Amino acid sequence: MSTLLEVNGLETRFYTQEGVVRAVNGISYHVDRGETLAIVGESGCGKSVGVLSLLRLIPQPPGRITGGEVLFGTNGDRRDLLQISEDEIRQVRGNRIGMIFQDPMTSLNPIRTIGYQVSETLMLHHHLGKAAARKRSAELLELVGIPQAAARLDDYPHQFSGGMRQRVMIAIGLSCNPALLIADEPTTALDVTIQAQITDLVKRLRDEIGMAIIWITHDLGIVAGLAHRVIVMYAGYIVEEGRVKDLYREPRHPYTIGLLESLPRLDEGRNKRLNSIEGFPPDLVNMPQGCPFAPRCRFKVDRCEHENPKLETAAPSHNVACWVDVTVHQPRETTPTGVR
Amino acid sequence: MNADYVQDLLVEVRGLKMWFPIRRGVLQRRVGDVRAVDGVDFDIYRGETLGLVGESGCGKSTTGRALLQLYRPTEGSIKFGGRDLVKLPSEEMRRMRRQMQIIFQDPYASLNPRMTVGSIVGEPLEVHNIGSRAERLERVAELLGVVGLNPSFVSRYPHEFSGGQRQRIGIARALAVNPSFIVCDEPISALDVSIQAQVINLLEDLQATFGLTYLFIAHDLSVVRHIADRIAVMYLGKIMELAGRDELYRNPMHPYSQALLSAVPIPDPYIEEKRQRIILEGDVPSPADPPKGCHFCTRCPRVMDICVAQEPEFRDYGGGHHVACWLHP
C-alpha cells in the first residue's frame with residue numbers, strides 16, 4: 001500500500017498565561033491509502049490537537065505549530081500541509097480530507113437546514129449548482145441511512161436525534177469523496193446501540209469507498225473491531241504504535257498494559273479486582289524531566305526519571321517508547337530487569 | 001451472588017411511575033406527560049449492588065432520584081426498610097436521608113465551586129446536626145483519608161482537583177452521614193479510562209468495609225457486569241429484564257438485552273473479528289408518546305402482532321430471572 005499521509009516531528013504548543021502548554025511533542029506517523037489508524041489516549045494527551053494541527057485548525061494565538069511537516073498526497077502530488085497557502089489548505093479541508101467531530105449537537109449550525117449544510121461543501125469544492133448539490137445531498141443522506149432523506153433536507157438539526165445528527169456529520173465528511181477521513185471521537189456522545197450503528201456504517205463505507213481513516217478515541221473497545229493499526233498517546237507523545245492484533249495481544253508500553261488491564265470487560269465472568277493505574281497524567285506546563293509516564297509506572301527504572309525514551313522498533317511493525325522491555329520478564333509482577 | 005442477603009430486603013419498589021407534565025400556552029395547560037418512569041417493580045437486598053442499565057433517556061437516573069424522593073413519584077410505592085417513603089411526612093423523610101445518599105455523574109457540576117472541600121464534605125453533618133464543630137472537622141479529615149485524599153486538602157477548592165479526585169470528594173460527602181444505601185448515578189462516566197478503575201475499586205472497597213448497598217446506574221454494560229450482583233435493563237421507562245449478573249450475560253431473554261449486549265465492544269481484535277452484532281434500527285421513541293404495546297416493539301427485530309397491541313407482563317422465569325416479553329409468555 002502507498003503512503004497517503006506522513007507526519008514528521010509535529011510539535012504544537014499553546015502559549016497561555018500559566019505558561020507554555022506542550023500539547024504535541026514531536027510526533028511522527030503515517031497513514032496508508034485505505035487504512036484505518038486509531039489514535040488512542042485520555043483527555044489532554046494531545047490526540048485531538050495533533051490531528052487538528054494537520055489541517056491547521058488550531059486557534060492561533062494562543063496555539064502555534066512550532067515544528068514538523070505534514071506530507072499529504074500520493075507520489076507526484078505530495079505537499080506539506082503546514083507550508084501551503086491559506087487558500088490551498090482550504091481546498092484540502094473538507095475536500096481531500098473530510099472531518100467528523102465529537103459532538104454532533106454543536107458541530108451543526110442550528111439555524112441552517114440539513115440540506116444546506118450538506119450542499120455547502122459540494123457547492124464550494126465541486127462547484128455544483130444548487131439543484132445538483134441538493135440531489136447529491138439527498139443521495140449522501142440516503143447512503144448514511146437516514147430514512148426518507150429527500151424529504152428531510154429542509155429540516156433543521158434540532159429535528160434530528162443525536163445518532164441521526166452524527167449521520168449527517170458523516171454525510172458532510174464524506175460529501176467530496178475524501179482520500180482521508182478524520183473522525184474525532186465520533187461516537188463518544190452516543191449510546192451503545194447507536195454507536196454500533198455508526199461504527200458499522202463507517203466500516204461499510206470505508207470498504208465501499210476505499211478511503212483512509214484516522215479515528216481518535218479514548219475507547220480501546222471500539223478500536224479493537226475497527227482499526228488496522230493503533231497509536232497510543234500519552235502527554236503529547238506517541239508511546240506505542242503497532243498493528244491492532246499485536247498491540248492488544250502483546251502490549252509493550254506500561255501505559256498501554258495499564259489501560260488494557262484497567263478495563264472491565266463484558267466477556268469476563270469473574271468479579272476480580274481491576275488493576276488501576278495509580279496517580280494521574282502530568283501537567284503539560286510542568287512536564288517531568290524524564291519519561292512522562294514514569295511517576296505512574298510500575299516498571300520504572302532509574303533511567304526513566306532522567307531521560308525520555310524515543311519511539312523505537314521493538315518487533316516488526318511494533319514501536320514503543322520505553323526503557324524497559326516488558327516482555328522478557330513474565331509474570332509482570334517481578335522487578336524489571338531487561339533494560340535496553 | 002451470595003445467599004446471605006436473600007432474606008434481607010432493603011428497598012422494595014412497586015409500580016413506580018414518574019411522569020413530568022408538559023405544559024403549553026398562556027394558561028400553562030397540561031397537554032401531556034413525559035413518562036420518564038412508567039411503572040417499574042424491583043427489590044434491592046441489603047449488601048448487594050443492583051445495576052440499572054439503559055441508554056440515555058430510558059429513565060434510569062429518574063428512577064434513582066425518585067428512590068431518594070428527590071422527585072415526588074406520580075404513582076407507586078417505595079419501601080425502604082419496610083417504610084413507604086412516598087407516604088412519609090417531609091420532616092421524617094429528611095431524617096431518612098441519613099441512611100440514603102447519592103453520588104452524581106458529573107464531578108464538575110455537583111460540587112459547589114465556592115465551597116472548600118471541608119465544607120462540602122462536612123455539609124451533610126451540619127444539615128443533620130451531627131457532632132460538634134470539632135468532631136465534624138475530625139470526621140471530615142477521616143472521610144478524606146477513607147476515599148484516598150490527603151486530609152490536609154480540607155481548605156482547598158474543587159477547581160484545584162482533577163476529575164477523579166473530585167469524584168472522591170463526592171463519595172466522601174455521600175459517606176459522611178454513614179448511610180446504608182447509596183445511589184451511584186453514573187459515577188465514572190465523566191472520568192478518563194485510567195481513572196475509572198481507581199473509582200470502581202474504591203467503591204468496591206467501601207462496600208466491603210461499611211457493608212453498603214448500592215444502586216449502580218450506568219450505561220456501560222462492561223462496568224455493570226464487573227460491579228453488580230444483579231442487573232436490571234431499562235428501556236423507555238420500563239424494566240425489560242432483571243436477572244443475576246452472570247445469568248443475564250449468559251442467557252439474555254429479552255431481544256433488547258441481547259442487542260445491548262451485542263453492541264458493547266470487547267477490547268480484543270480476535271474476538272471482535274468473529275462477533276455477530278445485532279444492529280437495532282432507528283431511535284428510541286419519545287417518552288411523551290411511547291408505543292402502545294411493548295415499549296420496545298418499534299425497534300424489536302423479533303416483533304410479533306401481539307407486541308404492538310398489548311403490553312407484556314413482567315414475569316419471573318425462575319431463579320429471580322424476570323422478563324417482560326411476549327416471546328416468553
# chains A, B, ... in the order shown; residues from 1 in each chain; ligands from 1
>>> interface_residues(of="chain B", to="chain A", cutoff="6 Å", atoms="only C-alpha atoms", output="mmCIF file with N, CA and C atoms, in the first residue's frame")
data_model
loop_
_atom_site.group_PDB
_atom_site.id
_atom_site.type_symbol
_atom_site.label_atom_id
_atom_site.label_comp_id
_atom_site.auth_asym_id
_atom_site.auth_seq_id
_atom_site.Cartn_x
_atom_site.Cartn_y
_atom_site.Cartn_z
ATOM 1 N N GLU B 55 -30.053 3.082 27.937
ATOM 2 C CA GLU B 55 -29.492 4.178 27.161
ATOM 3 C C GLU B 55 -30.023 5.505 27.666
ATOM 4 N N ASP B 192 -11.728 9.712 32.939
ATOM 5 C CA ASP B 192 -10.868 9.058 31.977
ATOM 6 C C ASP B 192 -10.693 7.582 32.308
ATOM 7 N N SER B 194 -8.219 5.509 32.688
ATOM 8 C CA SER B 194 -7.289 5.031 33.716
ATOM 9 C C SER B 194 -7.748 5.433 35.110
ATOM 10 N N ALA B 197 -11.054 2.953 36.741
ATOM 11 C CA ALA B 197 -10.755 1.750 37.521
ATOM 12 C C ALA B 197 -10.459 2.105 38.973
ATOM 13 N N GLN B 198 -9.788 3.234 39.198
ATOM 14 C CA GLN B 198 -9.497 3.665 40.573
ATOM 15 C C GLN B 198 -10.796 3.855 41.358
ATOM 16 N N SER B 222 -20.164 -3.154 30.484
ATOM 17 C CA SER B 222 -18.950 -3.826 30.959
ATOM 18 C C SER B 222 -18.701 -3.481 32.421
ATOM 19 N N VAL B 223 -18.909 -2.201 32.761
ATOM 20 C CA VAL B 223 -18.705 -1.757 34.138
ATOM 21 C C VAL B 223 -19.714 -2.421 35.061
ATOM 22 N N HIS B 226 -19.037 -5.878 35.873
ATOM 23 C CA HIS B 226 -17.962 -6.006 36.845
ATOM 24 C C HIS B 226 -18.446 -5.772 38.275
ATOM 25 N N ALA B 263 -23.912 -5.027 21.311
ATOM 26 C CA ALA B 263 -23.390 -3.738 20.837
ATOM 27 C C ALA B 263 -22.158 -3.290 21.608
ATOM 28 N N PRO B 265 -18.569 -3.117 22.645
ATOM 29 C CA PRO B 265 -17.321 -3.620 22.076
ATOM 30 C C PRO B 265 -16.449 -4.301 23.122
ATOM 31 N N ILE B 266 -15.760 -5.334 22.724
ATOM 32 C CA ILE B 266 -14.837 -6.051 23.613
ATOM 33 C C ILE B 266 -13.414 -5.722 23.168
ATOM 34 N N PRO B 267 -12.557 -5.284 24.102
ATOM 35 C CA PRO B 267 -11.213 -4.862 23.703
ATOM 36 C C PRO B 267 -10.317 -6.039 23.336
ATOM 37 N N ASP B 268 -10.664 -6.757 22.298
ATOM 38 C CA ASP B 268 -9.847 -7.852 21.794
ATOM 39 C C ASP B 268 -10.150 -8.034 20.305
ATOM 40 N N PRO B 269 -9.172 -7.701 19.444
ATOM 41 C CA PRO B 269 -9.429 -7.749 17.998
ATOM 42 C C PRO B 269 -9.804 -9.140 17.500
ATOM 43 N N GLU B 272 -13.502 -9.581 18.399
ATOM 44 C CA GLU B 272 -14.325 -8.658 17.619
ATOM 45 C C GLU B 272 -14.487 -9.145 16.175
#
>>> residues_around(residues="Thr217 (chain A)", least_positions_apart="2", cutoff="7 Å", atoms="only C-alpha atoms", output="ChimeraX atom specification")
/A:39-41,184-185,215,219
>>> write_last_selection(atoms="C-alpha atoms", output="PDB file, in the first residue's frame")
ATOM      1  CA  ILE A  39      -5.175   7.252  17.883  1.00  0.00           C
ATOM      2  CA  VAL A  40      -5.948   6.320  21.477  1.00  0.00           C
ATOM      3  CA  GLY A  41      -5.395   8.309  24.644  1.00  0.00           C
ATOM      4  CA  ASP A 184     -12.533  12.835  16.310  1.00  0.00           C
ATOM      5  CA  GLU A 185     -14.390  10.730  18.917  1.00  0.00           C
ATOM      6  CA  TRP A 215     -10.171   7.535  14.240  1.00  0.00           C
ATOM      7  CA  ASP A 219     -12.239   3.742  23.954  1.00  0.00           C
TER       8      ASP A 219
END
>>> atom_distance(atom1="CA of Gly320 (chain B)", atom2="CA of Phe216 (chain B)")
18.6 Å
>>> select_by_dssp(residues="region 132-254 of chain A", states="helix (DSSP H, G or I)", output="ChimeraX atom specification")
/A:132-143,149-152,157-159,162-174,192-209,220-224,244-249,254
>>> residues_around(residues="Arg245 (chain B)", least_positions_apart="2", cutoff="10 Å", atoms="only C-alpha atoms", output="PyMOL selection string")
(chain A and resi 269) or (chain B and resi 1+50-51+224-232+242-243+247-250)
>>> atom_distance(atom1="CA of Gln167 (chain B)", atom2="CA of Gly54 (chain B)")
22.1 Å
>>> select_by_dssp(residues="region 12-143 of chain A", states="strand (DSSP E)", output="ChimeraX atom specification")
/A:12-16,19-32,36-40,63-72,79-80,97-100
>>> residues_around(residues="Trp19 (chain B)", least_positions_apart="2", cutoff="8 Å", atoms="only C-alpha atoms", output="list in words")
Lys17, Pro21, Asp33, Val34, Arg35, Ala36, Val37, Asp38, Pro73 and Thr74 of chain B
>>> write_last_selection(atoms="C-alpha atoms", output="mmCIF file, in the first residue's frame")
data_model
loop_
_atom_site.group_PDB
_atom_site.id
_atom_site.type_symbol
_atom_site.label_atom_id
_atom_site.label_comp_id
_atom_site.auth_asym_id
_atom_site.auth_seq_id
_atom_site.Cartn_x
_atom_site.Cartn_y
_atom_site.Cartn_z
ATOM 1 C CA LYS B 17 -44.268 5.942 37.887
ATOM 2 C CA PRO B 21 -46.161 17.273 32.859
ATOM 3 C CA ASP B 33 -46.692 13.879 30.095
ATOM 4 C CA VAL B 34 -43.133 12.753 29.666
ATOM 5 C CA ARG B 35 -43.337 9.265 31.045
ATOM 6 C CA ALA B 36 -39.771 9.045 32.295
ATOM 7 C CA VAL B 37 -40.509 6.063 34.517
ATOM 8 C CA ASP B 38 -43.618 4.176 33.551
ATOM 9 C CA PRO B 73 -43.376 9.930 42.304
ATOM 10 C CA THR B 74 -46.586 10.128 40.282
#
>>> residues_around(residues="region 148-157 of chain A", least_positions_apart="3", cutoff="12 Å", atoms="only C-alpha atoms", output="number ranges by chain")
A: 104-119, 133-145, 160-169, 171
>>> write_last_selection(atoms="N, CA and C atoms", output="CSV table (one decimal), in the first residue's frame")
chain,number,residue,atom,x,y,z
A,104,PRO,N,-22.1,16.0,17.7
A,104,PRO,CA,-23.0,16.4,16.6
A,104,PRO,C,-24.0,17.5,17.0
A,105,MET,N,-24.2,17.7,18.3
A,105,MET,CA,-25.1,18.7,18.8
A,105,MET,C,-24.6,20.1,18.5
A,106,THR,N,-23.3,20.3,18.6
A,106,THR,CA,-22.7,21.6,18.5
A,106,THR,C,-22.0,21.8,17.2
A,107,SER,N,-21.7,20.7,16.4
A,107,SER,CA,-21.0,20.9,15.2
A,107,SER,C,-21.8,21.3,14.0
A,108,LEU,N,-23.2,21.2,14.1
A,108,LEU,CA,-24.0,21.6,13.1
A,108,LEU,C,-24.6,23.0,13.4
A,109,ASN,N,-24.8,23.8,12.4
A,109,ASN,CA,-25.4,25.1,12.6
A,109,ASN,C,-26.9,25.0,12.8
A,110,PRO,N,-27.3,25.5,14.0
A,110,PRO,CA,-28.7,25.3,14.3
A,110,PRO,C,-29.7,26.1,13.5
A,111,ILE,N,-29.3,27.1,12.8
A,111,ILE,CA,-30.2,27.9,12.0
A,111,ILE,C,-30.1,27.7,10.5
A,112,ARG,N,-29.4,26.6,10.1
A,112,ARG,CA,-29.4,26.3,8.7
A,112,ARG,C,-30.0,24.9,8.5
A,113,THR,N,-30.6,24.7,7.4
A,113,THR,CA,-31.2,23.4,7.2
A,113,THR,C,-30.1,22.3,6.9
A,114,ILE,N,-30.5,21.1,7.2
A,114,ILE,CA,-29.6,20.0,6.9
A,114,ILE,C,-29.2,20.0,5.5
A,115,GLY,N,-30.1,20.2,4.6
A,115,GLY,CA,-29.8,20.2,3.2
A,115,GLY,C,-28.8,21.2,2.8
A,116,TYR,N,-28.9,22.4,3.4
A,116,TYR,CA,-28.0,23.5,3.1
A,116,TYR,C,-26.6,23.1,3.6
A,117,GLN,N,-26.5,22.5,4.8
A,117,GLN,CA,-25.2,22.2,5.3
A,117,GLN,C,-24.5,21.1,4.6
A,118,VAL,N,-25.2,20.2,4.0
A,118,VAL,CA,-24.6,19.2,3.3
A,118,VAL,C,-24.2,19.7,1.9
A,119,SER,N,-25.1,20.5,1.3
A,119,SER,CA,-24.8,21.1,-0.1
A,119,SER,C,-23.6,22.0,-0.1
A,133,ALA,N,-26.5,20.0,-6.2
A,133,ALA,CA,-25.9,19.8,-4.9
A,133,ALA,C,-27.0,19.2,-4.0
A,134,ARG,N,-28.2,19.7,-4.2
A,134,ARG,CA,-29.3,19.2,-3.4
A,134,ARG,C,-29.6,17.7,-3.7
A,135,LYS,N,-29.5,17.4,-4.9
A,135,LYS,CA,-29.8,16.0,-5.3
A,135,LYS,C,-28.7,15.1,-4.7
A,136,ARG,N,-27.5,15.5,-4.8
A,136,ARG,CA,-26.3,14.8,-4.3
A,136,ARG,C,-26.5,14.6,-2.8
A,137,SER,N,-26.9,15.7,-2.1
A,137,SER,CA,-27.1,15.7,-0.7
A,137,SER,C,-28.1,14.6,-0.2
A,138,ALA,N,-29.2,14.6,-1.0
A,138,ALA,CA,-30.2,13.5,-0.7
A,138,ALA,C,-29.6,12.2,-0.8
A,139,GLU,N,-28.7,11.9,-1.8
A,139,GLU,CA,-28.1,10.7,-2.0
A,139,GLU,C,-27.2,10.3,-0.9
A,140,LEU,N,-26.4,11.3,-0.4
A,140,LEU,CA,-25.5,11.1,0.7
A,140,LEU,C,-26.2,10.8,1.9
A,141,LEU,N,-27.3,11.5,2.2
A,141,LEU,CA,-28.1,11.2,3.4
A,141,LEU,C,-28.7,9.8,3.4
A,142,GLU,N,-29.1,9.4,2.2
A,142,GLU,CA,-29.6,8.1,2.0
A,142,GLU,C,-28.5,7.1,2.3
A,143,LEU,N,-27.3,7.3,1.8
A,143,LEU,CA,-26.1,6.5,2.0
A,143,LEU,C,-25.8,6.2,3.4
A,144,VAL,N,-25.9,7.3,4.3
A,144,VAL,CA,-25.6,7.1,5.7
A,144,VAL,C,-26.8,6.6,6.5
A,145,GLY,N,-27.9,6.3,5.8
A,145,GLY,CA,-29.0,5.6,6.4
A,145,GLY,C,-30.0,6.5,7.1
A,160,PHE,N,-33.5,16.4,14.4
A,160,PHE,CA,-32.9,15.1,14.3
A,160,PHE,C,-32.4,14.6,15.7
A,161,SER,N,-32.4,13.3,15.9
A,161,SER,CA,-31.8,12.8,17.1
A,161,SER,C,-30.3,12.8,17.0
A,162,GLY,N,-29.7,12.5,18.2
A,162,GLY,CA,-28.2,12.5,18.2
A,162,GLY,C,-27.5,11.6,17.2
A,163,GLY,N,-28.0,10.4,17.1
A,163,GLY,CA,-27.5,9.4,16.2
A,163,GLY,C,-27.6,9.9,14.7
A,164,MET,N,-28.8,10.5,14.4
A,164,MET,CA,-29.1,11.0,13.1
A,164,MET,C,-28.2,12.2,12.8
A,165,ARG,N,-28.0,13.0,13.8
A,165,ARG,CA,-27.1,14.2,13.5
A,165,ARG,C,-25.7,13.7,13.2
A,166,GLN,N,-25.3,12.7,13.9
A,166,GLN,CA,-23.9,12.2,13.6
A,166,GLN,C,-23.9,11.6,12.2
A,167,ARG,N,-25.0,11.0,11.8
A,167,ARG,CA,-25.0,10.5,10.4
A,167,ARG,C,-24.9,11.7,9.4
A,168,VAL,N,-25.6,12.8,9.7
A,168,VAL,CA,-25.5,14.0,8.9
A,168,VAL,C,-24.0,14.5,8.8
A,169,MET,N,-23.4,14.5,10.0
A,169,MET,CA,-22.0,14.9,10.0
A,169,MET,C,-21.1,14.0,9.1
A,171,ALA,N,-22.2,12.3,6.6
A,171,ALA,CA,-22.5,12.6,5.2
A,171,ALA,C,-21.7,13.8,4.7
>>> closest_residue(among="A:Val301, A:Cys45, A:Ile170, A:Ile89", to="Phe101 (chain A)", atoms="only C-alpha atoms")
A:Ile170
